[in-house]
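See below for the structure under consideration.
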Amino acid sequence: MPVINQCRRPGPFCIPSHLLHRIATLILTALTVLLSIDLENTASGSVPNIVLILADDLGYHDLGCYGHPKIKTPVLDQLADDGIRLTSFYAGATVCTPSRIALLTGAYPVRLGWTRGVVGYMMKRNQGLSPDALTMGEIFKSQGYQTALIGKWHLGDPRPLRPHRQGFDLAYYINKSNNQTKELWRGDKLLEKPFNNRLLTEQFTREAIGFIKQNKAKPFLLYIPYTAPHFPVEAHPDWKGKSRFGKYGDVVEEMDHRIGQILKTLEMEKLDKKTIVVFLSDNGPEPGTKESTAKPYRGKKWSALEGGTRVPCIVRFPGVIAKGQESDKLIAAIDLLPTLSHACGIDLKTISKESPKIDGVNVWATLIGKKDAVHPRNDLLYWHGSGGFQAIRVGNWKLFPNRRHAQLGGRNSGPALFNLAEDLDEKTDLSAKFPDRVKAMQDLAKKRLDDIKSSIIPLGK
Ligand SMILES: [Ca+2]
């Protein structure tokens with residue numbers, strides 16, 4: 001009999017064996033409950049579904065819950081009320097193709113051979129994401145998930161680069177932006193040419209709803225990169241003139257409504273509580289579309305200023321992410337692959353073999369508001385859409401090693417340093433006041449860039 005159950009010398013520190021047994025049972029029960037809650041949220045048995053919705057060129061300011069005074073987005077506002085709204089969230093890049101590379105691989109796009117532009121503009125039509133890269137689709141598919149890409153691909157036209165060969169069981173898509181192509185595809189089958197730009201959001205939504213209904217018994221990853229509100233901005237006939245913010249408002253409001261139809265389907269199929277819904281934009285406002293803005297931030301699509309990549313992001317997972325949360329923690333689109341993998345019990349490191357190396361970090365603890373969790377991201381690199389690396393953020397500080405890129409006017413040499421906590425539009429250069437901080441941030445940027453240069457997979461063809 002173990003000594004611990006014996007009370008050889010009764011005294012103040014002696015606990016009778018029957019009580020010890022009771023305490024041990026209680027502790028074990030508590031541990032089992034805690035463990036099962038964690039497993040329920042993170043591992044197999046009842047793994048969550050993922051619905052990942054990407055808007056195209058939607059600016060930071062363009063939703064009701066991000067402060068827009070006229071565009072009405074009740075569905076996304078409610079999604080934010082039911083989950084967490086992120087205010088320091090950064091898209092993967094400032095333009096479409098690298099942004100999608102980052103989202104699907106968890107890597108800075110430069111690691112996948114990207115240097116500038118998008119497929120068909122500054123990038124050749126026959127280039128795209130290498131088949132050697134491991135996509136979110138491939139990772140989830142390898143774990144028994146049904147996977148779908150419904151919307152805009154923009155990661156390569158050649159057959160080996162198409163979405164159904166990059167991990168998506170179902171691919172219903174246009175292969176470039178809606179201003180660059182008129183073709184709608186299912187796998188390798190051309191469905192429509194020309195498609196009707198006004199109807200794409202409706203068509204993508206119908207397809208997504210069909211996929212959910214068909215796969216309700218299995219875990220699924222449903223990636224919906226809408227073409228809205230990318231130019232040409234043309235409203236669906238039922239939304240034309242409906243918003244108080246012109247065509248742009250009509251298109252965003254239709255997208256909001258369509259997302260509502262997807263959420264309603266989840267609810268009707270009793271999947272809402274076991275589905276993580278993520279909404280984000282792929283980059284900041286298109287410079288040619290003056291309606292879209294990134295207020296209070298400066299800069300638009302292509303730019304390494306905040307407005308280029310700081311975008312709305314909302315995550316909902318009922319019962320796990322508490323309602324009505326908001327976080328200004330630094331989080332980036334490259335973090336979604338490791339984070340969602342973790343939430344679905346997928347051992348990303350083992351599966352990916354770190355090829356390409358994943359720059360994203362798992363921010364699940366931050367999203368679920370885990371007490372005492374240390375937020376794992378403290379720095380982030382910014383890339384211009386055609387000008388390469390231009391800035392680094394560390395904590396609330398942002399450094400442009402070359403102040404020309406900060407578009408301040410005036411002298412054009414030396415660095416520019418901003419405190420984003422106080423200086424939202426990056427106008428007050430503090431580099432002369434904090435030379436040590438400038439040096440430390442330059443060194444860190446160099447270290448990060450050297451690391452990226454050491455492992456690059458060329459673009460696919
Ligand atoms: Ca875009």
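Letters A, B, ... go to the chains of the structure tokens in the order shown; residues in each chain start at 1; ligands are counted from 1 in the same order.
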Task: Shell of 8 Å around ligand 1 (only C-alpha atoms and all ligand atoms), written as a ChimeraX atom specification - done: /A:55-58,94-97,99,230,281-284,286,301
Write the selection just made, keeping N, CA and C atoms, as a short mmCIF file (atom, residue, chain, number, x, y, z; two decimals), in the first residue's frame?
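Contents of again22.cif, freshly written:
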```cif
data_model
loop_
_atom_site.label_atom_id
_atom_site.label_comp_id
_atom_site.auth_asym_id
_atom_site.auth_seq_id
_atom_site.Cartn_x
_atom_site.Cartn_y
_atom_site.Cartn_z
N ALA A 55 -12.47 39.17 -49.05
CA ALA A 55 -12.96 40.22 -49.95
C ALA A 55 -11.77 40.72 -50.76
N ASP A 56 -12.06 41.35 -51.89
CA ASP A 56 -10.98 41.77 -52.80
C ASP A 56 -10.90 43.30 -52.83
N ASP A 57 -9.81 43.85 -52.34
CA ASP A 57 -9.58 45.30 -52.33
C ASP A 57 -10.51 46.06 -51.39
N LEU A 58 -11.05 45.40 -50.39
CA LEU A 58 -11.92 46.10 -49.42
C LEU A 58 -11.04 46.84 -48.42
N THR A 94 0.22 43.68 -50.46
CA THR A 94 -0.57 44.85 -50.84
C THR A 94 -1.32 44.65 -52.15
N VAL A 95 -1.11 43.51 -52.82
CA VAL A 95 -1.85 43.20 -54.06
C VAL A 95 -2.27 41.73 -54.06
N CYS A 96 -3.16 41.40 -55.00
CA CYS A 96 -3.91 40.13 -54.95
C CYS A 96 -3.04 38.87 -54.91
N THR A 97 -2.18 38.66 -55.89
CA THR A 97 -1.49 37.37 -55.99
C THR A 97 -0.62 37.06 -54.76
N SER A 99 -0.81 38.29 -51.86
CA SER A 99 -1.66 38.22 -50.67
C SER A 99 -2.24 36.81 -50.52
N HIS A 230 -13.66 44.39 -55.98
CA HIS A 230 -12.60 44.74 -56.94
C HIS A 230 -13.22 45.37 -58.19
N SER A 281 -9.91 40.92 -45.81
CA SER A 281 -9.71 41.47 -47.15
C SER A 281 -8.28 41.15 -47.60
N ASP A 282 -8.06 41.14 -48.93
CA ASP A 282 -6.74 40.71 -49.42
C ASP A 282 -5.73 41.85 -49.52
N ASN A 283 -6.22 43.09 -49.49
CA ASN A 283 -5.31 44.26 -49.49
C ASN A 283 -6.17 45.51 -49.34
N GLY A 284 -5.52 46.65 -49.29
CA GLY A 284 -6.23 47.91 -49.08
C GLY A 284 -6.95 48.40 -50.32
N GLU A 286 -8.26 50.02 -53.71
CA GLU A 286 -7.73 50.26 -55.05
C GLU A 286 -7.59 51.78 -55.27
N LYS A 301 -3.86 50.21 -51.72
CA LYS A 301 -3.30 49.03 -52.39
C LYS A 301 -1.95 49.37 -53.02
#
```
Open item on the list: Let's see if you can do this: from backbone DSSP, list all strand (DSSP E) residues in segment 57-251 of chain A, as a ChimeraX atom specification.
Closed with: /A:84-86,89-90,118-119,122-123,146-152,170-174,184-186,189-192,220-225
TODO: Determine, counting only C-alpha atoms, which protein, DNA and RNA residues have an atom within 10 Å of an atom of Arg159 of chain A; residues of the same chain fewer than 4 positions away are not included. Present the result as a VMD selection string.
DONE: chain A and resid 126 163 to 165 187 to 188 461
For segment 178-276 of chain A against segment 340-349 of chain A, with a cut-off of 12 Å and counting only C-alpha atoms, what is the closest atom pair and its distance in Å to one decimal for every residue that makes the cut, ordered by chain and number, as JSON lines?
```
{"residue": "A:Pro219", "atom": "CA", "partner": "A:Cys344", "partner_atom": "CA", "distance": 9.6}
{"residue": "A:Phe220", "atom": "CA", "partner": "A:Cys344", "partner_atom": "CA", "distance": 10.6}
{"residue": "A:Leu221", "atom": "CA", "partner": "A:Leu340", "partner_atom": "CA", "distance": 10.2}
{"residue": "A:Lys274", "atom": "CA", "partner": "A:Cys344", "partner_atom": "CA", "distance": 10.5}
{"residue": "A:Thr275", "atom": "CA", "partner": "A:Cys344", "partner_atom": "CA", "distance": 10.2}
{"residue": "A:Ile276", "atom": "CA", "partner": "A:Leu340", "partner_atom": "CA", "distance": 8.4}
```
Can you write out the residues you just picked, keeping C-alpha atoms, as a short mmCIF file (atom, residue, chain, number, x, y, z; two decimals), in the first residue's frame?
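Writing the result to again.cif gives the following:
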```
data_model
loop_
_atom_site.label_atom_id
_atom_site.label_comp_id
_atom_site.auth_asym_id
_atom_site.auth_seq_id
_atom_site.Cartn_x
_atom_site.Cartn_y
_atom_site.Cartn_z
CA PRO A 219 -15.19 18.28 -41.95
CA PHE A 220 -14.62 20.88 -44.64
CA LEU A 221 -12.45 23.84 -45.55
CA LYS A 274 -18.76 23.68 -35.20
CA THR A 275 -17.54 26.05 -37.87
CA ILE A 276 -14.86 28.70 -37.59
#
```
Task: Which of segment 290-347 of chain A DSSP labels helix (DSSP H, G or I), written as a list in words - done: Glu306, Gly307, Gly308, Thr309, Ala333, Ile334, Asp335, Leu336, Leu337, Pro338, Thr339, Leu340, Ser341, His342 and Ala343 of chain A
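Across the structure, atom CA of Gly324 of chain A and atom CA of Ile84 of chain A are spaced 6.1 Å apart.
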Residues within 9 Å of Thr87 of chain A, only C-alpha atoms, excluding chain neighbours under 4 positions, as a short mmCIF file (atom, residue, chain, number, x, y, z; two decimals) with N, CA and C atoms, in the first residue's frame:
```
data_model
loop_
_atom_site.label_atom_id
_atom_site.label_comp_id
_atom_site.auth_asym_id
_atom_site.auth_seq_id
_atom_site.Cartn_x
_atom_site.Cartn_y
_atom_site.Cartn_z
N TYR A 60 -9.84 49.23 -45.08
CA TYR A 60 -10.02 49.09 -43.63
C TYR A 60 -11.31 49.74 -43.14
N TYR A 66 -16.28 48.74 -38.93
CA TYR A 66 -14.97 49.42 -38.95
C TYR A 66 -15.16 50.92 -39.20
N ARG A 310 -3.33 46.97 -43.89
CA ARG A 310 -4.14 46.85 -42.66
C ARG A 310 -5.61 46.78 -43.09
N VAL A 311 -6.23 45.65 -42.84
CA VAL A 311 -7.57 45.39 -43.37
C VAL A 311 -8.48 44.85 -42.26
N PRO A 312 -9.79 44.86 -42.51
CA PRO A 312 -10.69 44.24 -41.53
C PRO A 312 -10.44 42.74 -41.43
N CYS A 313 -10.60 42.21 -40.24
CA CYS A 313 -10.58 40.75 -40.06
C CYS A 313 -11.47 40.41 -38.87
N GLU A 326 -12.58 42.32 -29.11
CA GLU A 326 -11.84 43.17 -30.02
C GLU A 326 -10.38 43.07 -29.63
N SER A 327 -9.49 43.03 -30.60
CA SER A 327 -8.07 42.95 -30.26
C SER A 327 -7.24 43.81 -31.20
N ASP A 328 -6.29 44.56 -30.61
CA ASP A 328 -5.37 45.33 -31.46
C ASP A 328 -3.99 44.66 -31.49
N LYS A 329 -3.95 43.38 -31.12
CA LYS A 329 -2.69 42.64 -31.19
C LYS A 329 -2.28 42.49 -32.66
N LEU A 330 -0.99 42.55 -32.89
CA LEU A 330 -0.44 42.42 -34.23
C LEU A 330 -0.64 40.99 -34.75
N ILE A 331 -1.46 40.87 -35.80
CA ILE A 331 -1.76 39.57 -36.40
C ILE A 331 -1.75 39.75 -37.92
#
```
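Across A:Thr147, A:Ser177, A:Asn49, A:Thr73, the tightest approach to Val252 of chain A is made by A:Thr73 when counting only C-alpha atoms.
Relative to atom CA of Phe204 of chain A, atom CA of Ala80 of chain A is found at 22.5 Å.
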Open item on the list: For Asp132 of chain A, find every residue with an atom within 9 Å (counting only C-alpha atoms), except residues of its own chain fewer than 6 positions away, and show them as a ChimeraX atom specification.
Closed with: /A:355-356,457,460
Task: Residue with smallest distance to Ala322 of chain A - pool A:Lys213, A:Lys370, A:Lys295, A:Arg125, counting only C-alpha atoms - done: A:Lys370
